[in-house]
$ cat work15.tsv   # TSV, C-alpha atoms
chain	number	residue	atom	x	y	z
A	108	MET	CA	0.00	0.00	0.00
A	109	ALA	CA	2.75	2.39	-0.99
A	110	GLU	CA	0.30	5.05	-2.20
A	111	THR	CA	-1.32	5.50	1.22
A	112	LEU	CA	2.08	5.88	2.86
A	113	ARG	CA	3.17	8.18	0.04
A	114	ARG	CA	0.20	10.43	0.79
A	115	VAL	CA	1.12	10.32	4.48
A	116	LEU	CA	4.67	11.37	3.65
A	117	ASN	CA	3.36	14.05	1.30
A	118	LEU	CA	1.23	15.68	4.01
A	119	GLY	CA	1.92	19.41	4.04
A	120	THR	CA	4.18	19.22	0.97
A	121	SER	CA	1.67	18.87	-1.88
A	122	ALA	CA	-2.03	19.30	-2.54
A	123	ARG	CA	-4.21	16.22	-2.82
A	124	SER	CA	-7.08	15.97	-5.25
A	125	GLY	CA	-10.37	14.17	-4.79
A	126	GLU	CA	-9.17	11.53	-7.23
A	127	GLU	CA	-6.33	10.60	-4.88
A	128	ASP	CA	-8.72	10.25	-1.95
A	129	THR	CA	-10.50	7.42	-3.78
A	130	ALA	CA	-7.40	5.80	-5.25
A	131	GLU	CA	-7.44	2.03	-5.55
A	132	ALA	CA	-5.29	0.13	-3.10
A	133	GLY	CA	-1.75	-0.44	-4.35
A	134	PRO	CA	0.64	-3.34	-3.73
A	135	PRO	CA	1.33	-4.52	-0.17
A	136	LEU	CA	4.07	-2.56	1.58
A	137	LEU	CA	6.78	-3.69	4.00
A	138	LEU	CA	7.90	-0.98	6.45
A	139	LEU	CA	11.38	-1.65	7.84
A	140	GLY	CA	13.52	0.03	10.46
A	141	SER	CA	15.54	-0.45	13.63
A	142	PRO	CA	13.99	-0.14	17.11
A	143	GLY	CA	12.59	3.35	17.74
A	144	SER	CA	12.75	4.36	14.08
A	145	GLY	CA	9.13	5.56	13.97
A	146	LYS	CA	7.44	2.57	12.34
A	147	THR	CA	4.43	2.63	14.67
A	148	ALA	CA	4.01	6.39	14.26
A	149	LEU	CA	3.94	6.08	10.48
A	150	LEU	CA	1.53	3.14	10.62
A	151	PHE	CA	-0.82	5.18	12.80
A	152	ALA	CA	-0.53	8.15	10.42
A	153	ALA	CA	-1.38	5.81	7.53
A	154	ALA	CA	-4.40	4.55	9.50
A	155	LEU	CA	-5.69	8.09	9.98
A	156	GLU	CA	-5.07	8.94	6.33
A	157	ALA	CA	-7.05	5.93	5.15
A	158	ALA	CA	-9.80	6.57	7.72
A	159	GLY	CA	-10.34	10.01	6.22
A	160	GLU	CA	-10.84	8.74	2.67
A	161	GLY	CA	-14.54	8.03	3.17
A	162	ARG	CA	-14.26	4.27	2.63
A	163	GLY	CA	-14.30	1.35	5.05
A	164	PRO	CA	-12.68	1.10	8.50
A	165	VAL	CA	-9.01	0.42	9.20
A	166	LEU	CA	-7.89	-2.78	10.97
A	167	PHE	CA	-4.75	-2.23	13.08
A	168	LEU	CA	-3.14	-5.41	14.44
A	169	THR	CA	-0.44	-5.30	17.09
A	170	ARG	CA	0.67	-7.60	19.87
A	171	ARG	CA	0.04	-5.17	22.70
A	172	PRO	CA	-1.94	-1.92	23.14
A	173	LEU	CA	-0.17	1.30	22.27
A	174	GLN	CA	1.02	3.16	25.37
A	175	SER	CA	0.06	6.44	23.71
A	176	LEU	CA	-1.29	7.40	20.30
A	177	PRO	CA	1.47	8.87	18.13
A	178	ARG	CA	0.88	12.48	17.24
A	179	GLY	CA	1.07	13.81	13.71
A	180	THR	CA	-1.01	16.37	11.87
A	181	GLY	CA	-4.45	17.69	12.80
A	182	ALA	CA	-5.92	14.40	11.56
A	183	ALA	CA	-4.80	12.79	14.83
A	184	LEU	CA	-7.29	15.01	16.66
A	185	ASP	CA	-10.27	14.08	14.46
A	186	PRO	CA	-12.53	11.79	16.54
A	187	LEU	CA	-14.38	10.57	13.43
A	188	ARG	CA	-11.16	9.20	12.00
A	189	LEU	CA	-10.13	7.62	15.29
A	190	GLN	CA	-13.49	5.82	15.50
A	191	LYS	CA	-12.79	4.12	12.16
A	192	VAL	CA	-9.50	2.60	13.37
A	193	ARG	CA	-10.16	-0.81	14.91
A	194	PHE	CA	-7.36	-2.11	17.12
A	195	GLN	CA	-6.96	-5.83	17.80
A	196	TYR	CA	-4.20	-7.40	19.90
A	197	PRO	CA	-3.49	-11.05	19.04
A	198	PRO	CA	-1.03	-12.09	21.80
A	199	SER	CA	0.64	-14.94	19.92
A	200	THR	CA	1.34	-16.24	16.44
A	201	HIS	CA	-1.38	-18.85	16.90
A	202	GLU	CA	-3.94	-16.17	17.82
A	203	LEU	CA	-2.87	-14.01	14.87
A	204	LEU	CA	-3.26	-16.91	12.45
A	205	GLN	CA	-6.68	-17.70	13.89
A	206	LEU	CA	-7.77	-14.09	13.49
A	207	LEU	CA	-6.65	-13.96	9.87
A	208	CYS	CA	-8.17	-17.34	9.01
A	209	SER	CA	-11.54	-16.26	10.44
A	210	ALA	CA	-11.57	-12.90	8.63
A	211	HIS	CA	-14.14	-14.16	6.12
A	212	GLU	CA	-16.59	-14.69	9.01
A	213	ALA	CA	-16.37	-11.11	10.28
A	214	ARG	CA	-19.52	-9.02	10.03
A	215	GLY	CA	-19.82	-5.39	9.08
A	216	PRO	CA	-18.02	-3.37	6.40
A	217	ALA	CA	-14.71	-4.74	5.16
A	218	PRO	CA	-11.57	-2.78	6.10
A	219	SER	CA	-10.04	-0.47	3.51
A	220	LEU	CA	-6.60	-0.92	5.08
A	221	LEU	CA	-4.98	-3.75	7.05
A	222	LEU	CA	-2.00	-2.86	9.24
A	223	LEU	CA	0.28	-5.13	11.24
A	224	ASP	CA	2.83	-3.66	13.64
A	225	GLY	CA	5.69	-5.74	15.03
A	226	LEU	CA	5.76	-8.64	12.58
A	227	GLU	CA	9.08	-9.77	14.09
A	228	GLU	CA	7.35	-10.51	17.42
A	229	TYR	CA	5.19	-13.11	15.71
A	230	LEU	CA	7.99	-14.56	13.60
A	231	VAL	CA	10.20	-15.18	16.63
A	232	GLU	CA	7.82	-17.97	17.66
A	233	ASP	CA	8.07	-19.73	14.33
A	234	GLN	CA	10.23	-22.77	13.66
A	235	GLY	CA	11.54	-21.82	10.24
A	236	PRO	CA	11.14	-19.84	7.01
A	237	GLN	CA	8.12	-21.89	5.95
A	238	ASP	CA	6.12	-20.50	8.88
A	239	ALA	CA	7.14	-16.93	8.01
A	240	ALA	CA	6.17	-17.53	4.38
A	241	TYR	CA	2.80	-18.93	5.46
A	242	LEU	CA	2.08	-15.90	7.66
A	243	ALA	CA	3.06	-13.48	4.88
A	244	ALA	CA	0.89	-15.35	2.37
A	245	LEU	CA	-2.04	-15.38	4.80
A	246	LEU	CA	-1.76	-11.62	5.31
A	247	LEU	CA	-1.90	-11.09	1.56
A	248	ASP	CA	-4.81	-13.50	1.23
A	249	THR	CA	-6.74	-11.70	3.98
A	250	ALA	CA	-6.20	-8.32	2.30
A	251	ALA	CA	-7.34	-9.85	-1.01
A	252	HIS	CA	-10.49	-11.16	0.69
A	253	PHE	CA	-11.27	-7.72	2.10
A	254	SER	CA	-10.65	-6.22	-1.36
A	255	HIS	CA	-13.19	-8.61	-2.86
A	256	GLN	CA	-15.72	-7.49	-0.25
A	257	THR	CA	-15.18	-3.79	-0.84
A	258	GLY	CA	-15.91	-4.11	-4.55
A	259	PRO	CA	-14.18	-2.98	-7.76
A	260	GLY	CA	-12.19	0.24	-7.72
A	261	GLN	CA	-11.74	0.15	-3.95
A	262	GLY	CA	-9.62	-2.62	-2.49
A	263	CYS	CA	-7.95	-3.16	0.87
A	264	GLY	CA	-4.37	-2.01	1.33
A	265	LEU	CA	-1.79	-3.85	3.42
A	266	ILE	CA	1.15	-2.38	5.34
A	267	VAL	CA	3.31	-4.54	7.61
A	268	ALA	CA	6.05	-3.20	9.90
A	269	LEU	CA	9.14	-5.30	10.60
A	270	GLN	CA	11.93	-4.42	13.03
A	271	THR	CA	15.42	-4.91	11.65
A	272	GLN	CA	18.71	-5.14	13.51
A	273	GLU	CA	21.03	-2.19	13.96
A	274	GLU	CA	23.71	-4.27	12.25
A	275	GLY	CA	22.75	-6.93	9.75
A	276	VAL	CA	23.05	-10.58	10.75
A	277	SER	CA	22.54	-13.62	8.57
A	278	GLY	CA	19.20	-14.56	10.14
A	279	ASP	CA	17.84	-11.05	9.76
A	280	ALA	CA	19.02	-10.85	6.13
A	281	LEU	CA	17.37	-14.19	5.33
A	282	GLN	CA	14.11	-13.12	6.92
A	283	VAL	CA	14.01	-9.81	5.03
A	284	SER	CA	14.93	-11.52	1.76
A	285	LEU	CA	12.07	-13.99	2.18
A	286	LEU	CA	9.51	-11.29	3.00
A	287	GLN	CA	10.58	-9.20	0.01
A	288	ARG	CA	9.15	-11.92	-2.23
A	289	TYR	CA	5.70	-11.17	-0.82
A	290	PHE	CA	6.15	-7.42	-0.35
A	291	PRO	CA	7.89	-5.95	-3.42
A	292	ALA	CA	7.16	-2.41	-2.22
A	293	GLN	CA	9.22	-1.34	0.80
A	294	CYS	CA	9.90	1.71	2.91
A	295	TRP	CA	13.14	1.89	4.89
A	296	LEU	CA	13.49	4.13	7.94
A	297	GLN	CA	16.94	5.27	9.05
A	298	ALA	CA	17.60	7.35	12.17
A	299	GLU	CA	19.52	10.60	11.74
A	300	THR	CA	21.37	12.63	14.43
A	301	PRO	CA	20.53	16.30	13.79
A	302	GLY	CA	21.40	17.54	17.27
A	303	PRO	CA	20.70	17.22	21.03
A	304	GLY	CA	17.03	16.80	21.93
A	305	GLN	CA	15.99	16.18	18.33
A	306	HIS	CA	14.71	13.00	16.67
A	307	ARG	CA	14.80	12.80	12.90
A	308	LEU	CA	14.37	9.93	10.45
A	309	ARG	CA	15.09	9.45	6.80
A	310	ALA	CA	12.34	7.55	4.98
A	311	CYS	CA	13.05	6.01	1.59
A	312	LEU	CA	10.04	4.62	-0.26
A	313	ASP	CA	10.58	2.11	-3.06
A	314	PRO	CA	7.18	1.24	-4.63
A	315	GLY	CA	8.52	-1.96	-6.16
A	316	GLY	CA	8.95	-0.79	-9.73
A	317	LEU	CA	5.49	0.80	-9.92
A	318	GLY	CA	6.81	4.34	-9.54
A	319	PRO	CA	9.86	6.43	-8.68
A	320	ARG	CA	11.67	6.11	-5.38
A	321	ALA	CA	11.18	9.04	-3.02
A	322	GLU	CA	12.71	10.23	0.24
A	323	TRP	CA	11.38	12.29	3.14
A	324	CYS	CA	12.59	13.68	6.43
A	325	VAL	CA	10.39	12.65	9.37
A	326	ALA	CA	11.03	14.76	12.46
A	327	PHE	CA	9.54	14.46	15.94
A	328	ARG	CA	9.21	17.58	18.07
A	329	PRO	CA	9.75	17.51	21.87
A	330	ASN	CA	5.94	17.32	22.37
A	331	GLY	CA	5.78	14.21	20.17
A	332	GLU	CA	4.26	15.88	17.11
A	333	MET	CA	5.45	14.48	13.81
A	334	THR	CA	6.40	16.69	10.86
A	335	ILE	CA	7.27	15.47	7.37
A	336	THR	CA	9.19	17.32	4.66
A	337	PRO	CA	10.93	16.21	1.44
A	338	TRP	CA	14.50	15.06	1.95
A	339	PRO	CA	17.05	17.51	0.47
A	340	THR	CA	18.11	16.20	-2.94
A	341	GLN	CA	21.74	17.09	-2.36
A	342	ALA	CA	21.91	14.68	0.59
A	343	GLY	CA	22.40	11.66	-1.68
A	344	ASN	CA	20.42	8.46	-1.93
A	345	LEU	CA	19.93	5.64	0.52
A	346	SER	CA	21.15	2.27	-0.66
A	347	LEU	CA	18.32	-0.18	-1.23
A	348	ASP	CA	20.37	-3.08	-2.56
A	349	LYS	CA	18.32	-6.11	-1.54
A	350	GLY	CA	21.32	-8.38	-1.72
A	351	SER	CA	23.56	-6.36	0.60
A	352	SER	CA	25.26	-7.94	3.61
A	353	SER	CA	22.95	-6.00	5.92
A	354	GLY	CA	19.89	-7.79	4.58
A	355	GLY	CA	18.72	-4.84	2.47
A	356	GLN	CA	18.89	-2.32	5.29
A	357	PRO	CA	20.03	1.14	4.16

$ encode --input "work15.tsv" --output "structure tokens"
Amino acid sequence: MAETLRRVLNLGTSARSGEEDTAEAGPPLLLLGSPGSGKTALLFAAALEAAGEGRGPVLFLTRRPLQSLPRGTGAALDPLRLQKVRFQYPPSTHELLQLLCSAHEARGPAPSLLLLDGLEEYLVEDQGPQDAAYLAALLLDTAAHFSHQTGPGQGCGLIVALQTQEEGVSGDALQVSLLQRYFPAQCWLQAETPGPGQHRLRACLDPGGLGPRAEWCVAFRPNGEMTITPWPTQAGNLSLDKGSSSGGQP
């Protein structure tokens, strides 16, 4: 769902037309970054963006309740958008698989966006790459089922966040390489060090060959508010080589 995240990253930097607000769901997106790199904040911003598009609700899956809702733009203060975000907390891989397998039995309007935060917490319980592949395939199948329910021209997007290591290890590289087969579109988050008391990230979005790569600067103010601006072009490009020794991490 690179387009939803692209619109999130474009907030405040470009105007959005009504056509964009009803855009069909794009390919599934894998959001990658080290601990504390802002993955949850961006997922929540994507949830609010999708909730404001006038379509179905947003399903947000995470292993444990958020301690506080990440702050972003004024959309975070819109109670109507917050009401459309449905949080569910499967505590284990088994519970997550059960939830996804029973999605076709759920009543009510189908979600327009499916989000999973902390995929690595569910993969750590698995016995091997086959289990990770099964979970990834089931996520895609669930999103496809929701898309069928929403009807033509709508669709259900899918964004999954995965924590990567600060320094690449063979197991982490293998896991990322496997997931890239299911999620050709990826967004890498890399922490920057602008100065004392500041928290800034560099986000590089690769839509998997369906559009140009783009980069943004995601900054968090002392009060927790998130601001997003285009990354300066003279700063160079992040490396997105999927076969690198760091497992594809920039």

$ atom_distance --input "work15.tsv" --atom1 "CA of Glu202 (chain A)" --atom2 "CA of Leu242 (chain A)"
11.8 Å

$ closest_residue --input "work15.tsv" --among "A:Ala280, A:Ala213, A:Val267, A:Leu187" --to "Gly225 (chain A)" --atoms "all atoms listed in the file"
A:Val267

$ atom_distance --input "work15.tsv" --atom1 "CA of Gly161 (chain A)" --atom2 "CA of Ala250 (chain A)"
18.4 Å

$ closest_residue --input "work15.tsv" --among "A:Glu227, A:Tyr241, A:Ala157, A:Leu173" --to "Gln272 (chain A)" --atoms "all atoms listed in the file"
A:Glu227

$ residues_around --input "work15.tsv" --residues "Gln195 (chain A)" --least-positions-apart "2" --cutoff "7 Å" --atoms "only C-alpha atoms" --output "list in words"
Phe167, Leu168, Thr169, Arg193 and Pro197 of chain A

$ atom_distance --input "work15.tsv" --atom1 "CA of Leu317 (chain A)" --atom2 "CA of Leu247 (chain A)"
18.1 Å

$ closest_residue --input "work15.tsv" --among "A:Gln237, A:Ser219, A:Thr334, A:Thr200" --to "Gln282 (chain A)" --atoms "all atoms listed in the file"
A:Gln237

$ closest_residue --input "work15.tsv" --among "A:Leu155, A:Leu226, A:Leu308, A:Leu245" --to "Asp185 (chain A)" --atoms "all atoms listed in the file"
A:Leu155

$ residues_around --input "work15.tsv" --residues "region 325-330 of chain A" --least-positions-apart "2" --cutoff "8 Å" --atoms "all atoms listed in the file" --output "PyMOL selection string"
chain A and resi 304-310+323+332-336

$ closest_residue --input "work15.tsv" --among "A:Leu139, A:Ala292, A:Leu286, A:Ala268" --to "Phe151 (chain A)" --atoms "all atoms listed in the file"
A:Ala268

$ residues_around --input "work15.tsv" --residues "Leu285 (chain A)" --least-positions-apart "2" --cutoff "10 Å" --atoms "only C-alpha atoms" --output "VMD selection string"
chain A and resid 236 to 237 239 to 240 243 279 to 283 287 to 290

$ closest_residue --input "work15.tsv" --among "A:Gln270, A:Gln205, A:Thr249, A:Ser141" --to "Glu228 (chain A)" --atoms "all atoms listed in the file"
A:Gln270
